[in-house]
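File shown: my_file00.txt (compact mmCIF, C-alpha atoms).
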```
# COMPACT_ATOMS: atom_id res chain seq x y z
CA MET F 1 23.69 16.55 30.67
CA ASP F 2 22.55 19.41 28.46
CA ASP F 3 22.92 22.91 29.96
CA LYS F 4 20.13 24.34 27.80
CA LEU F 5 16.85 25.09 29.57
CA LYS F 6 14.23 22.45 28.82
CA ARG F 7 10.52 22.98 29.32
CA ILE F 8 8.06 20.19 29.99
CA GLY F 9 4.43 21.21 29.63
CA LEU F 10 1.98 19.51 31.99
CA ILE F 11 -1.73 19.22 31.38
CA SER F 12 -4.46 17.03 32.80
CA ASP F 13 -8.19 16.52 32.96
CA THR F 14 -9.09 18.26 29.72
CA HIS F 15 -12.31 16.19 29.52
CA GLY F 16 -12.73 16.94 25.82
CA LEU F 17 -11.97 20.67 26.11
CA LEU F 18 -8.63 22.10 24.99
CA ARG F 19 -8.73 25.83 25.61
CA ASP F 20 -6.75 28.25 23.44
CA SER F 21 -5.22 29.65 26.63
CA ALA F 22 -3.92 26.18 27.55
CA VAL F 23 -2.38 25.76 24.09
CA LYS F 24 -0.69 29.16 24.45
CA ALA F 25 0.62 28.31 27.92
CA LEU F 26 2.18 25.10 26.55
CA ALA F 27 3.46 26.64 23.29
CA ASP F 28 7.15 26.77 24.27
CA SER F 29 7.30 23.19 25.61
CA ASP F 30 9.96 20.75 24.46
CA ILE F 31 7.63 17.89 25.40
CA ILE F 32 4.13 17.71 26.87
CA ILE F 33 2.82 15.28 29.47
CA HIS F 34 -0.94 14.73 29.62
CA ALA F 35 -1.87 13.11 32.94
CA GLY F 36 -5.16 11.62 31.78
CA ASP F 37 -8.88 12.21 31.38
CA ILE F 38 -8.36 13.37 27.83
CA ASP F 39 -11.75 12.09 26.59
CA THR F 40 -11.28 13.29 22.99
CA PRO F 41 -8.35 11.93 20.93
CA ASP F 42 -8.05 15.11 18.84
CA ILE F 43 -6.69 16.87 21.95
CA ILE F 44 -3.52 14.78 21.70
CA ASP F 45 -3.30 15.51 17.96
CA THR F 46 -3.47 19.24 18.66
CA LEU F 47 -0.85 19.04 21.41
CA LYS F 48 1.45 17.05 19.08
CA LYS F 49 1.61 20.13 16.84
CA ILE F 50 3.46 21.84 19.71
CA ALA F 51 5.77 19.05 20.90
CA PRO F 52 5.94 15.28 21.44
CA VAL F 53 3.18 14.19 23.84
CA PHE F 54 3.30 11.53 26.56
CA PRO F 55 -0.30 10.78 27.60
CA VAL F 56 -1.62 8.35 30.19
CA ARG F 57 -5.10 6.90 30.57
CA GLY F 58 -7.46 8.47 33.08
CA ASN F 59 -10.58 6.95 34.56
CA MET F 60 -12.72 8.79 31.99
CA ASP F 61 -10.69 7.68 28.95
CA ARG F 62 -13.11 4.97 27.90
CA ASN F 63 -13.31 5.56 24.15
CA PRO F 64 -11.38 3.07 21.97
CA LYS F 65 -8.36 5.35 21.55
CA GLY F 66 -8.27 6.31 25.22
CA ALA F 67 -8.64 2.75 26.44
CA VAL F 68 -5.33 1.77 24.80
CA LEU F 69 -3.33 4.52 26.49
CA PRO F 70 -0.90 3.30 29.14
CA LYS F 71 -1.90 3.53 32.82
CA TYR F 72 1.50 5.04 33.55
CA GLU F 73 4.43 6.44 31.60
CA ILE F 74 8.09 6.94 32.37
CA VAL F 75 9.61 10.02 30.80
CA GLU F 76 13.26 11.02 30.96
CA MET F 77 14.79 14.36 30.06
CA ASP F 78 18.34 15.45 30.86
CA GLU F 79 18.80 12.60 33.35
CA ILE F 80 15.59 13.58 35.19
CA ALA F 81 13.25 10.59 35.62
CA ILE F 82 9.52 11.34 35.67
CA TYR F 83 6.76 8.89 36.59
CA VAL F 84 3.35 9.83 35.16
CA LEU F 85 -0.03 8.44 36.21
CA HIS F 86 -3.54 9.78 36.43
CA ASP F 87 -4.59 9.09 40.02
CA LEU F 88 -1.88 9.52 42.64
CA TYR F 89 -3.77 7.14 44.95
CA GLN F 90 -3.03 4.36 42.47
CA LEU F 91 0.73 4.82 42.80
CA ASP F 92 2.02 1.34 43.55
CA LEU F 93 5.73 2.01 43.99
CA ASP F 94 8.00 4.15 46.11
CA PRO F 95 9.26 6.81 43.68
CA ALA F 96 12.33 7.66 45.78
CA THR F 97 13.44 4.03 46.02
CA ALA F 98 12.69 3.49 42.31
CA GLY F 99 14.91 6.45 41.38
CA PHE F 100 12.28 8.90 40.17
CA ASP F 101 12.85 12.63 40.56
CA VAL F 102 9.28 13.70 39.74
CA VAL F 103 5.77 12.23 39.90
CA VAL F 104 3.14 13.87 37.68
CA SER F 105 -0.52 13.11 38.31
CA GLY F 106 -3.97 14.52 37.64
CA HIS F 107 -7.46 13.34 38.63
CA SER F 108 -8.16 15.64 41.61
CA HIS F 109 -8.47 18.79 39.45
CA ARG F 110 -6.49 20.53 42.23
CA PRO F 111 -3.15 22.06 41.21
CA LYS F 112 -0.46 21.12 43.69
CA ILE F 113 3.31 21.11 44.11
CA GLU F 114 4.89 19.26 47.00
CA TYR F 115 8.08 17.41 47.89
CA ARG F 116 8.23 14.06 49.71
CA ASP F 117 11.41 12.11 50.40
CA GLY F 118 13.32 14.21 47.86
CA VAL F 119 10.74 13.60 45.09
CA LEU F 120 8.75 16.40 43.47
CA TYR F 121 5.02 15.64 43.18
CA ILE F 122 3.10 17.91 40.82
CA ASN F 123 -0.50 17.96 39.72
CA PRO F 124 -1.11 20.62 37.05
CA GLY F 125 -4.80 20.76 37.96
CA SER F 126 -7.56 20.69 35.37
CA ALA F 127 -7.35 22.47 32.03
CA GLY F 128 -10.83 21.34 31.00
CA PRO F 129 -14.30 22.37 32.14
CA ARG F 130 -14.36 24.22 35.45
CA ARG F 131 -15.16 22.06 38.44
CA PHE F 132 -16.63 23.75 41.49
CA THR F 133 -14.47 26.77 42.37
CA LEU F 134 -11.15 25.16 41.44
CA PRO F 135 -8.84 27.11 39.13
CA ILE F 136 -8.25 26.14 35.52
CA SER F 137 -4.55 25.48 35.13
CA VAL F 138 -1.64 23.74 33.47
CA GLY F 139 1.87 23.18 34.75
CA ARG F 140 5.46 23.37 33.68
CA LEU F 141 8.73 21.82 34.69
CA GLU F 142 11.82 23.79 33.76
CA ILE F 143 15.02 21.79 33.81
CA GLU F 144 18.42 23.44 33.68
CA ASN F 145 21.75 22.08 34.88
CA GLY F 146 19.98 19.23 36.68
CA ARG F 147 17.73 21.60 38.61
CA ILE F 148 13.94 21.26 38.32
CA THR F 149 11.72 24.30 38.75
CA PRO F 150 7.99 23.46 38.93
CA LYS F 151 5.27 25.98 38.08
CA ILE F 152 1.49 26.05 38.08
CA ILE F 153 0.04 28.38 35.43
CA GLU F 154 -3.52 29.52 36.00
CA ILE F 155 -5.28 30.09 32.71
CA HIS F 156 -8.31 32.22 31.94
CA GLU F 157 -10.79 31.93 29.13
```

Encoded form using structure tokens:
Amino acid sequence: MDDKLKRIGLISDTHGLLRDSAVKALADSDIIIHAGDIDTPDIIDTLKKIAPVFPVRGNMDRNPKGAVLPKYEIVEMDEIAIYVLHDLYQLDLDPATAGFDVVVSGHSHRPKIEYRDGVLYINPGSAGPRRFTLPISVGRLEIENGRITPKIIEIHE
């Protein structure tokens, strides 16, 4: 296991809008996870300029490039196993039993951090167009010495 601090940027529900403030918030990421509803493929291209990107398909990713994205992704960093999907209600496995440390999801546009059965569940919220009175946000996982620190970062623009 590497002792160096690793940063995983989390973004979801951009719906075709990648704000400069979101790019800045993710700028120091070692990798980026996009939890779906990308809508516009150039968003992934822009994020790839920062770090490797692991995107999943959301319910709004209907264009030809979005339709080929995986429904879920498994990402590992420093022995931390992360399960990524768009809609948490479509989770069809028990993450604790399957050996996952973290579940990343989007869809609800509501940022949330919670723990269940020793598994961290994080939704970075929506970084795209504002929906109702919900905040615009991204997330981050910081991993150091096997410890995961989750953060929600509210962005303004």

Residue among F:Asn123, F:Ser21, F:Asn59, F:Ser108 lying closest to Leu141 in chain F, counting only C-alpha atoms: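 Closest to Leu141 in chain F, using only C-alpha atoms: F:Asn123.
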
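Considering all atoms listed in the file, the residue among F:Ile122, F:Leu69, F:Leu91, F:Ala27 positioned nearest to Pro52 in chain F is F:Ala27.
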
Rank nothing, just name the residue among F:Asn63, F:Val138, F:Gly36, F:Arg147 nearest to Gly106 in chain F, using all atoms listed in the file. F:Gly36

Just the residues within 8 Å of Ile32 in chain F, please, counting all atoms listed in the file, with nothing from its chain fewer than 5 positions along; format it as number ranges by chain. F: 8-11, 26, 47, 51-54

Which residue of F:Leu17, F:Ile143, F:Leu5, F:Ile82 approaches Arg130 in chain F most closely, using all atoms listed in the file: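 Closest to Arg130 in chain F of all the choices is F:Leu17.
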